>>> print(open('structure-v4.cif').read())   # mmCIF, C-alpha atoms
data_entry
loop_
_atom_site.label_atom_id
_atom_site.label_comp_id
_atom_site.auth_asym_id
_atom_site.auth_seq_id
_atom_site.Cartn_x
_atom_site.Cartn_y
_atom_site.Cartn_z
CA MET L 1 67.45 173.89 80.70
CA PRO L 2 65.18 171.80 78.44
CA ARG L 3 66.97 170.25 75.50
CA THR L 4 65.66 170.23 71.94
CA PRO L 5 64.04 166.83 71.40
CA ALA L 6 65.19 164.72 68.48
CA PRO L 7 62.83 164.85 65.46
CA TRP L 8 61.83 161.24 66.05
CA MET L 9 60.58 162.08 69.52
CA THR L 10 57.99 164.54 68.21
CA GLU L 11 54.38 163.40 68.33
CA ARG L 12 51.81 164.95 66.07
CA GLN L 13 48.03 164.82 65.72
CA LEU L 14 46.15 164.93 62.44
CA LEU L 15 43.55 167.71 62.21
CA VAL L 16 40.88 167.76 59.49
CA LYS L 17 40.27 171.06 57.71
CA ALA L 18 37.88 169.83 55.00
CA GLU L 19 36.21 166.43 54.64
CA SER L 20 37.31 165.02 51.31
CA LYS L 21 37.34 161.71 49.47
CA THR L 22 39.97 160.47 47.04
CA ASN L 23 39.01 158.96 43.67
CA PRO L 24 40.20 155.36 43.33
CA LYS L 25 40.57 155.93 39.56
CA TYR L 26 43.72 158.01 40.03
CA GLY L 27 46.97 157.33 41.82
CA CYS L 28 47.66 154.35 44.04
CA LYS L 29 48.35 153.71 47.72
CA PRO L 30 52.14 153.37 48.07
CA GLU L 31 51.98 149.85 49.50
CA ASP L 32 49.76 148.70 46.59
CA ARG L 33 51.93 149.93 43.75
CA PRO L 34 52.53 147.40 40.93
CA ALA L 35 56.05 145.94 40.92
CA LYS L 36 57.63 148.32 38.41
CA ASP L 37 56.36 151.40 40.25
CA TYR L 38 57.01 149.89 43.68
CA ILE L 39 60.68 149.61 42.73
CA ARG L 40 60.81 152.98 40.94
CA PHE L 41 59.44 154.76 44.02
CA GLY L 42 61.22 152.57 46.54
CA VAL L 43 63.89 152.96 49.19
CA ILE L 44 66.00 150.19 50.66
CA ASN L 45 66.92 150.40 54.35
CA LEU L 46 70.35 148.91 53.88
CA ASP L 47 72.80 147.71 56.53
CA LYS L 48 76.07 148.94 55.12
CA PRO L 49 78.96 146.52 55.57
CA ALA L 50 82.40 147.68 56.72
CA GLY L 51 84.95 148.20 53.95
CA PRO L 52 83.35 149.58 50.80
CA THR L 53 82.26 153.21 50.63
CA SER L 54 78.59 154.22 50.75
CA HIS L 55 78.88 155.07 47.07
CA GLU L 56 80.22 151.62 46.17
CA VAL L 57 77.49 149.94 48.19
CA ALA L 58 74.79 151.99 46.47
CA ALA L 59 76.32 151.06 43.10
CA TRP L 60 76.09 147.37 44.04
CA VAL L 61 72.40 147.76 44.85
CA LYS L 62 71.93 149.48 41.51
CA ARG L 63 73.54 146.55 39.73
CA ILE L 64 71.64 143.86 41.65
CA ILE L 65 68.24 145.41 41.02
CA GLY L 66 69.05 146.74 37.58
CA VAL L 67 67.82 150.28 38.02
CA GLU L 68 69.38 153.19 36.17
CA HIS L 69 69.94 155.48 39.15
CA VAL L 70 70.36 155.23 42.91
CA GLY L 71 70.99 157.77 45.63
CA HIS L 72 71.90 157.34 49.26
CA GLY L 73 70.90 159.13 52.40
CA GLY L 74 74.12 160.25 54.01
CA THR L 75 77.69 159.07 53.64
CA LEU L 76 78.96 156.60 56.22
CA GLU L 77 82.66 156.96 55.51
CA THR L 78 85.82 157.45 57.50
CA LEU L 79 86.37 161.19 57.51
CA MET K 80 81.73 152.36 59.33
CA THR K 81 78.58 150.30 59.20
CA GLY K 82 74.89 150.67 59.70
CA VAL K 83 71.76 152.31 58.39
CA LEU K 84 72.21 153.56 54.85
CA PRO K 85 68.97 154.32 53.01
CA VAL K 86 69.42 153.61 49.30
CA ALA K 87 66.90 155.40 47.11
CA LEU K 88 65.89 153.82 43.80
CA GLU K 89 65.19 155.90 40.69
CA GLU K 90 62.47 158.49 41.42
CA SER K 91 62.82 158.30 45.18
CA ARG K 92 66.26 159.94 44.94
CA LYS K 93 64.36 163.22 45.19
CA VAL K 94 63.43 162.55 48.82
CA VAL K 95 66.97 161.59 49.74
CA GLN K 96 67.92 165.26 49.91
CA ALA K 97 65.52 165.64 52.82
CA LEU K 98 67.26 162.72 54.50
CA LEU K 99 70.72 164.23 54.28
CA LEU K 100 69.61 166.99 56.62
CA SER K 101 67.66 164.70 58.92
CA GLY K 102 68.79 163.58 62.34
CA LYS K 103 71.01 160.56 62.84
CA GLU K 104 71.83 158.23 65.67
CA TYR K 105 75.10 156.34 66.18
CA VAL K 106 76.67 153.91 68.57
CA CYS K 107 80.33 154.77 68.98
CA ILE K 108 83.44 153.35 70.60
CA MET K 109 85.73 156.17 71.68
CA LYS K 110 89.29 155.34 72.71
CA LEU K 111 90.74 157.61 75.39
CA HIS K 112 94.45 158.39 75.33
CA GLY K 113 94.68 158.40 79.11
CA ASP K 114 92.99 157.00 82.19
CA VAL K 115 89.88 158.84 83.33
CA SER K 116 87.21 157.90 85.86
CA GLU K 117 83.84 156.81 84.56
CA GLU K 118 82.25 159.55 86.63
CA ARG K 119 84.33 162.21 84.86
CA VAL K 120 83.56 160.72 81.41
CA ARG K 121 79.82 160.73 82.13
CA GLU K 122 80.08 164.33 83.34
CA VAL K 123 81.84 165.54 80.19
CA LEU K 124 79.51 163.67 77.83
CA VAL K 125 76.58 165.58 79.28
CA GLU K 126 78.38 168.85 78.57
CA PHE K 127 78.30 168.05 74.86
CA GLU K 128 74.54 167.72 74.74
CA ASP K 129 72.54 170.40 72.92
CA LEU K 130 74.52 172.94 70.84
CA ILE K 131 78.14 172.36 69.83
CA TYR K 132 80.53 174.06 67.38
CA GLN K 133 82.19 172.18 64.55
CA ARG K 134 84.32 173.00 61.54
CA PRO K 135 84.15 170.29 58.86
CA PRO K 136 87.40 168.29 58.43
CA LEU K 137 89.77 168.77 55.47
CA ARG K 138 88.46 165.74 53.65
CA ALA K 139 84.81 166.84 53.73
CA SER K 140 83.31 168.30 50.57
CA VAL K 141 81.54 171.15 52.35
CA LYS K 142 82.68 174.69 53.07
CA ARG K 143 85.01 174.62 56.05
CA GLN K 144 83.33 177.25 58.14
CA LEU K 145 82.56 177.03 61.83
CA ARG K 146 78.99 175.99 62.34
CA THR K 147 76.72 174.90 65.15
CA ARG K 148 75.33 171.43 65.38
CA ARG K 149 72.76 170.04 67.74
CA ILE K 150 73.46 166.97 69.82
CA TYR K 151 70.02 165.73 70.86
CA TYR K 152 71.39 163.27 73.38
CA ILE K 153 74.52 161.38 74.38
CA ASP K 154 73.88 158.20 76.34
CA PHE K 155 76.84 156.70 78.14
CA LEU K 156 76.51 152.93 77.69
CA GLU K 157 79.67 151.25 78.98
CA MET K 158 83.32 151.83 79.77
CA ASP K 159 86.10 149.25 79.70
CA GLY K 160 89.57 150.58 80.47
CA ARG K 161 90.09 153.37 77.95
CA ASN K 162 87.24 152.29 75.68
CA VAL K 163 84.01 154.23 76.04
CA LEU K 164 80.81 153.00 74.40
CA PHE K 165 78.10 155.61 73.91
CA LYS K 166 75.02 156.28 71.83
CA VAL K 167 74.52 159.72 70.29
CA GLY K 168 71.53 161.30 68.56
CA CYS K 169 72.49 164.33 66.49
CA GLU K 170 71.61 166.70 63.69
CA GLY K 171 72.63 165.65 60.15
CA GLY K 172 76.15 166.73 59.21
CA THR K 173 77.60 166.23 62.69
CA TYR K 174 81.10 164.72 62.59
CA ILE K 175 81.32 162.10 65.30
CA ARG K 176 85.05 161.77 64.76
CA LYS K 177 85.43 165.46 65.67
CA LEU K 178 83.07 165.03 68.58
CA CYS K 179 85.29 162.28 70.04
CA HIS K 180 88.36 164.44 69.50
CA ASP K 181 86.75 167.38 71.29
CA ILE K 182 85.53 165.21 74.18
CA GLY K 183 89.11 164.03 74.54
CA GLU K 184 90.30 167.65 74.66
CA VAL K 185 87.88 168.52 77.45
CA LEU K 186 88.84 165.38 79.37
CA GLY K 187 92.44 166.50 78.98
CA CYS K 188 93.89 163.18 77.86
CA GLY K 189 92.75 163.25 74.25
CA ALA K 190 90.60 160.66 72.48
CA HIS K 191 89.73 159.35 69.05
CA MET K 192 86.81 157.58 67.42
CA GLN K 193 87.60 153.87 67.31
CA GLU K 194 84.45 152.49 65.74
CA LEU K 195 81.11 153.81 64.53
CA ARG K 196 77.82 152.26 63.63
CA ARG K 197 74.81 154.23 62.48
CA THR K 198 71.61 153.05 64.14
CA ARG K 199 69.29 155.66 62.62
CA ALA K 200 69.14 157.89 59.54
CA GLY K 201 66.03 160.07 59.76
CA PRO K 202 63.08 157.67 59.99
CA PHE K 203 65.12 154.59 59.01
CA VAL K 204 66.22 152.50 61.97
CA GLU K 205 68.03 149.24 62.60
CA ASN K 206 65.06 147.26 63.84
CA GLU K 207 62.61 148.15 61.06
CA GLY K 208 63.24 146.35 57.82
CA LEU K 209 67.01 146.69 57.78
CA VAL K 210 68.44 144.38 55.13
CA THR K 211 71.95 143.41 54.03
CA LEU K 212 73.26 143.39 50.45
CA HIS K 213 72.99 139.63 50.67
CA ASP K 214 69.31 139.90 51.57
CA VAL K 215 68.74 142.26 48.66
CA ALA K 216 70.37 139.88 46.19
CA TYR K 217 68.54 136.88 47.63
CA TRP K 218 65.06 138.39 47.72
CA PHE K 219 65.43 140.05 44.33
CA ASP K 220 66.28 136.66 42.86
CA ARG K 221 63.32 135.02 44.59
CA TRP K 222 61.03 137.72 43.19
CA ARG K 223 62.34 137.14 39.67
CA GLU K 224 61.87 133.38 39.99
CA THR K 225 58.40 133.41 41.50
CA GLY K 226 56.88 136.66 40.21
CA ASP K 227 55.41 137.08 43.68
CA ASP K 228 55.27 140.84 44.18
CA SER K 229 54.84 140.54 47.96
CA ILE K 230 58.51 139.53 48.06
CA LEU K 231 59.50 143.04 46.98
CA ARG K 232 58.00 144.29 50.28
CA LYS K 233 60.54 142.22 52.17
CA PHE K 234 63.43 144.44 51.19
CA ILE K 235 62.03 147.60 49.57
CA GLN K 236 59.99 150.29 51.37
CA PRO K 237 57.85 152.96 49.67
CA MET K 238 59.67 156.31 49.34
CA GLU K 239 57.00 157.88 51.58
CA LYS K 240 58.81 156.20 54.49
CA ALA K 241 61.60 158.73 54.00
CA LEU K 242 59.11 161.51 54.80
CA ALA K 243 57.86 159.98 58.05
CA LEU K 244 59.49 162.56 60.32
CA LEU K 245 58.27 165.60 58.39
CA PRO K 246 54.96 167.24 59.39
CA LYS K 247 52.35 166.36 56.78
CA ILE K 248 49.68 168.18 54.83
CA TYR K 249 47.12 166.04 53.02
CA VAL K 250 45.54 167.62 49.95
CA LYS K 251 42.35 167.10 47.98
CA ASP K 252 42.57 165.29 44.63
CA SER K 253 41.70 168.55 42.83
CA ALA K 254 44.84 170.25 44.15
CA VAL K 255 47.32 167.51 43.22
CA ASP K 256 48.19 168.14 39.58
CA ALA K 257 48.83 171.86 40.03
CA LEU K 258 51.25 170.99 42.82
CA CYS K 259 52.98 168.54 40.47
CA HIS K 260 53.62 171.53 38.22
CA GLY K 261 55.17 173.45 41.08
CA ALA K 262 52.20 175.66 41.92
CA SER K 263 51.88 176.77 45.54
CA LEU K 264 49.39 175.07 47.81
CA THR K 265 46.47 177.31 48.73
CA ALA K 266 44.05 176.98 51.64
CA PRO K 267 41.13 175.48 49.64
CA GLY K 268 43.34 172.59 48.60
CA VAL K 269 44.02 171.40 52.14
CA ALA K 270 42.09 168.37 53.43
CA SER K 271 43.97 167.75 56.68
CA LEU K 272 47.27 168.56 58.34
CA GLU K 273 49.42 167.69 61.32
CA THR K 274 50.02 169.78 64.41
CA GLY K 275 53.31 171.54 64.99
CA ILE K 276 53.71 173.22 61.60
CA LYS K 277 55.18 176.73 61.73
CA ALA K 278 55.90 179.23 58.98
CA GLY K 279 59.17 178.13 57.43
CA SER K 280 58.77 174.45 58.37
CA MET K 281 59.60 171.86 55.73
CA VAL K 282 56.46 169.78 55.18
CA ALA K 283 55.53 166.70 53.17
CA VAL K 284 52.49 167.18 50.93
CA LEU K 285 50.57 163.93 50.40
CA THR K 286 47.40 162.76 48.67
CA LEU K 287 44.58 161.22 50.66
CA LYS K 288 45.92 157.85 49.52
CA GLY K 289 49.19 158.68 51.27
CA GLU K 290 51.24 159.26 48.11
CA ALA K 291 54.03 161.82 48.21
CA VAL K 292 53.22 164.84 46.05
CA ALA K 293 55.93 167.32 47.01
CA LEU K 294 58.27 168.70 49.64
CA ALA K 295 57.15 172.19 50.52
CA GLU K 296 57.88 175.08 52.86
CA ALA K 297 54.95 176.09 55.04
CA GLN K 298 53.99 179.76 54.87
CA ALA K 299 51.81 179.62 57.97
CA SER K 300 51.31 177.61 61.14
CA THR K 301 48.93 174.66 61.61
CA GLU K 302 46.49 176.92 63.48
CA GLU K 303 46.58 179.62 60.79
CA ILE K 304 46.16 177.10 57.96
CA LEU K 305 43.11 175.64 59.70
CA ASP K 306 41.64 179.10 60.08
CA ILE K 307 42.02 180.73 56.67
CA ALA K 308 39.80 180.23 53.62
CA HIS K 309 42.20 181.67 51.02
CA GLY K 310 45.87 182.31 50.48
CA VAL K 311 49.10 180.43 49.98
CA VAL K 312 49.70 177.84 52.65
CA ALA K 313 52.92 176.26 51.37
CA ARG K 314 55.46 176.81 48.59
CA VAL K 315 56.59 173.72 46.67
CA LYS K 316 60.31 173.11 46.97
CA ARG K 317 60.61 169.72 45.29
CA VAL K 318 57.96 167.93 43.22
CA LEU K 319 57.91 164.20 43.96
CA MET K 320 54.92 162.95 41.96
CA PRO K 321 54.95 162.73 38.14
CA ARG K 322 52.63 165.18 36.40
CA GLY K 323 49.40 163.70 35.13
CA THR K 324 49.11 161.11 37.90
CA TYR K 325 45.99 163.02 38.91
CA PRO K 326 44.00 164.99 36.35
CA LYS K 327 43.84 168.78 36.43
CA GLY K 328 41.12 169.94 38.80
CA TRP K 329 38.51 172.04 37.01
CA LYS K 330 36.88 173.62 39.99
CA SER K 331 37.71 173.43 43.67
CA GLY K 332 35.10 170.68 44.07
CA GLU K 333 35.65 166.94 44.03
CA LEU K 334 36.94 165.28 40.86
#
>>> encode(input="structure-v4.cif", output="structure tokens")
Amino acid sequence: MPRTPAPWMTERQLLVKAESKTNPKYGCKPEDRPAKDYIRFGVINLDKPAGPTSHEVAAWVKRIIGVEHVGHGGTLETL
Amino acid sequence: MTGVLPVALEESRKVVQALLLSGKEYVCIMKLHGDVSEERVREVLVEFEDLIYQRPPLRASVKRQLRTRRIYYIDFLEMDGRNVLFKVGCEGGTYIRKLCHDIGEVLGCGAHMQELRRTRAGPFVENEGLVTLHDVAYWFDRWRETGDDSILRKFIQPMEKALALLPKIYVKDSAVDALCHGASLTAPGVASLETGIKAGSMVAVLTLKGEAVALAEAQASTEEILDIAHGVVARVKRVLMPRGTYPKGWKSGEL
């Protein structure tokens, strides 16, 4: 019986519905964002150390970088 | 527990919700409470692939009802005495500790989770830009000293990375601001889209520059969306782009 593939095994193609150009006056390619915005709209792929909780680790990142808020993508705790 | 923990800064916290439900991958050391042959262990691990039942443990902050979870794969890696090393790809919210316990039950001798390391959280993996707290502190300092913005790229990734596993719909500039106000995406606003979208699928709506506009729920399939000239194509679930980033579109033409 075929198993459900993991989401990262799915390949997709891009299909064009309507040819369209984007105006360089508005918005910005993510990789080109100026520093303040790059941080504000940024995610850190962090290697969590053993010991502290995910929450504590996220709080450390918040303090190091000096942002007002952080969130994390899934607790890595002992349950 | 160690491993991949995506930390979202400021505005990108909004995409983190999508990550919580995304698939994960772990490498786990399971300690058996009795002696079992490797052949038998391999056999039982296969039995746990695909759908399993789990009830969240007491300490979890979710409702403790029985629910199904999908195990995408369990790869036996190594066995040394009563220690079993395996890799497991699973749906978000799967308790590996419970999985080890249940494997132990089926084996008959019992087992517990000895050690766990997360090797993937959604699109974030170990071998793509994984950094330690030390790295973060170091590079942040270097950026402050030098003012060289390329240093930020060494340890921070754009929030769009978090959307990499979702099917994408790219929209015309004229459709962007309405979406930022929560309006539904209609057929004329679509520039291009990925295959594999079905009605009910969670999709990422992006500008043609690749910026995240919103998380949305598709109301039709890729084929249908390509076909139709009018009608709602996706309903916005979470706006990701600040209003006013793109001006209001006057007509459905180019800005």
>>> residues_around(input="structure-v4.cif", residues="Thr4 in chain L", least_positions_apart="5", cutoff="12 Å", atoms="only C-alpha atoms", output="ChimeraX atom specification")
/L:9-10 /K:128-130,148-152,168-170
>>> closest_residue(input="structure-v4.cif", among="K:Leu124, K:Pro237, K:Gly82, K:Leu88", to="Val70 in chain L", atoms="all atoms listed in the file")
K:Leu88
>>> atom_distance(input="structure-v4.cif", atom1="CA of Trp222 in chain K", atom2="CA of Ala35 in chain L")
9.9 Å
>>> interface_residues(input="structure-v4.cif", of="chain L", to="chain K", cutoff="7 Å", atoms="only C-alpha atoms", output="PyMOL selection string")
chain L and resi 3-8+12-20+22+26-31+35+38-50+58+64-65+67-74+76-79
>>> atom_distance(input="structure-v4.cif", atom1="CA of Ser300 in chain K", atom2="CA of Asp256 in chain K")
23.8 Å
>>> atom_distance(input="structure-v4.cif", atom1="CA of Ala313 in chain K", atom2="CA of Ala295 in chain K")
5.9 Å
>>> closest_residue(input="structure-v4.cif", among="K:Thr147, K:Ala278, K:Val255, K:Cys179", to="Gly328 in chain K", atoms="all atoms listed in the file")
K:Val255
>>> residues_around(input="structure-v4.cif", residues="Leu258 in chain K", least_positions_apart="3", cutoff="8 Å", atoms="all atoms listed in the file", output="list in words")
Ala254, Val255, Gly261, Ala262, Ser263, Leu264, Val292, Ala293, Val315 and Val318 of chain K
>>> residues_around(input="structure-v4.cif", residues="Phe127 in chain K", least_positions_apart="4", cutoff="8 Å", atoms="all atoms listed in the file", output="list in words")
Val123, Ile131, Ile150, Ile153 and Ile182 of chain K
>>> resolve_selection(input="structure-v4.cif", expression="the PyMOL selection byres ((chain K and resi 186) around 10)", output="list in words")
Leu111, His112, Gly113, Asp114, Val115, Arg119, Val120, Glu122, Val123, Leu124, His180, Asp181, Ile182, Gly183, Glu184, Val185, Gly187, Cys188, Gly189 and Ala190 of chain K
>>> axis_aligned_box(input="structure-v4.cif", around="range 50-59 of chain L", padding_each_side="3 Å", output="lines of an AutoDock Vina configuration file")
center_x = 79.9
center_y = 151.4
center_z = 49.9
size_x = 16.2
size_y = 13.4
size_z = 19.6
